[in-house]
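Heads up, the thing below is written out as structure tokens.
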Amino acid sequence: MEPRNFHRDFKTRCRKAGVREISVHTTRRTCASLLVALDVHPRVTMQILRHSQIAVTMNIYSEATSAATQLALKRLGEQFDT
């Protein structure tokens with residue numbers, strides 16, 4: 001499907017579903033961030049998003065939540081308590 005047609009169809013489907021229209025890029029970023037939050041392995045996330053390089057997946061498309069960052073730091077600190 002030609003990208004322009006895909007974007008047009010995506011906007012139409014958003015209107016029909018009665019949801020706020022967002023860009024396709026935003027849906028991909030959201031998907032990546034949710035997969036990171038679910039602790040899905042980065043390589044699996046990369047395959048789902050069909051990226052050829054892990055750096056694209058991790059540096060551009062995914063975001064770690066502050067809660068996830070805090071948990072990681074807590075777990076790291078616990079390793080030093082033993």
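FYI, nothing fancy with the structure tokens labels: chains A, B, ... in order, residues from 1 per chain, ligands from 1 as they appear.
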
Self-check item: Contacts of range 50-59 of chain A within 10 Å, only C-alpha atoms, excl. fewer than 6 positions in-chain, as a ChimeraX atom specification
Solution: /A:28-29,32-33,36,42-44

What parts of chain A does DSSP call alpha helix (DSSP H)? I'd like the answer as number ranges by chain.
A: 3-17, 24-37, 42-49, 54-55, 66-80

Practice prompt. Would you kindly return, as a PyMOL selection string, each protein, DNA or RNA residue with an atom no farther than 12 Å from any atom of Phe10 in chain A, considering only C-alpha atoms and excluding same-chain residues fewer than 2 positions away?
Written response: chain A and resi 1+3-8+12-17+19-25+27

Excluding same-chain residues fewer than 3 positions from range 68-79 of chain A, what lies within 10 Å of it counting only C-alpha atoms, as number ranges by chain? A: 36-37, 39, 63-65, 82

Okay, now the selection with N, CA and C atoms, as a short mmCIF file (atom, residue, chain, number, x, y, z; two decimals), in the first residue's frame?
```cif
data_model
loop_
_atom_site.label_atom_id
_atom_site.label_comp_id
_atom_site.auth_asym_id
_atom_site.auth_seq_id
_atom_site.Cartn_x
_atom_site.Cartn_y
_atom_site.Cartn_z
N VAL A 36 8.40 -2.06 25.88
CA VAL A 36 9.49 -1.86 26.84
C VAL A 36 8.95 -1.98 28.26
N ALA A 37 7.82 -1.35 28.52
CA ALA A 37 7.21 -1.40 29.86
C ALA A 37 6.81 -2.83 30.25
N ASP A 39 8.54 -5.37 29.55
CA ASP A 39 9.81 -6.12 29.60
C ASP A 39 9.98 -7.07 28.43
N GLU A 63 10.57 4.60 25.00
CA GLU A 63 10.86 5.46 26.13
C GLU A 63 10.71 4.63 27.40
N ALA A 64 11.65 4.77 28.29
CA ALA A 64 11.53 4.11 29.59
C ALA A 64 10.79 5.05 30.53
N THR A 65 9.83 4.53 31.24
CA THR A 65 9.09 5.35 32.18
C THR A 65 9.94 5.66 33.38
N THR A 82 23.93 -6.92 49.65
CA THR A 82 24.28 -8.26 50.12
C THR A 82 25.70 -8.38 50.57
#
```
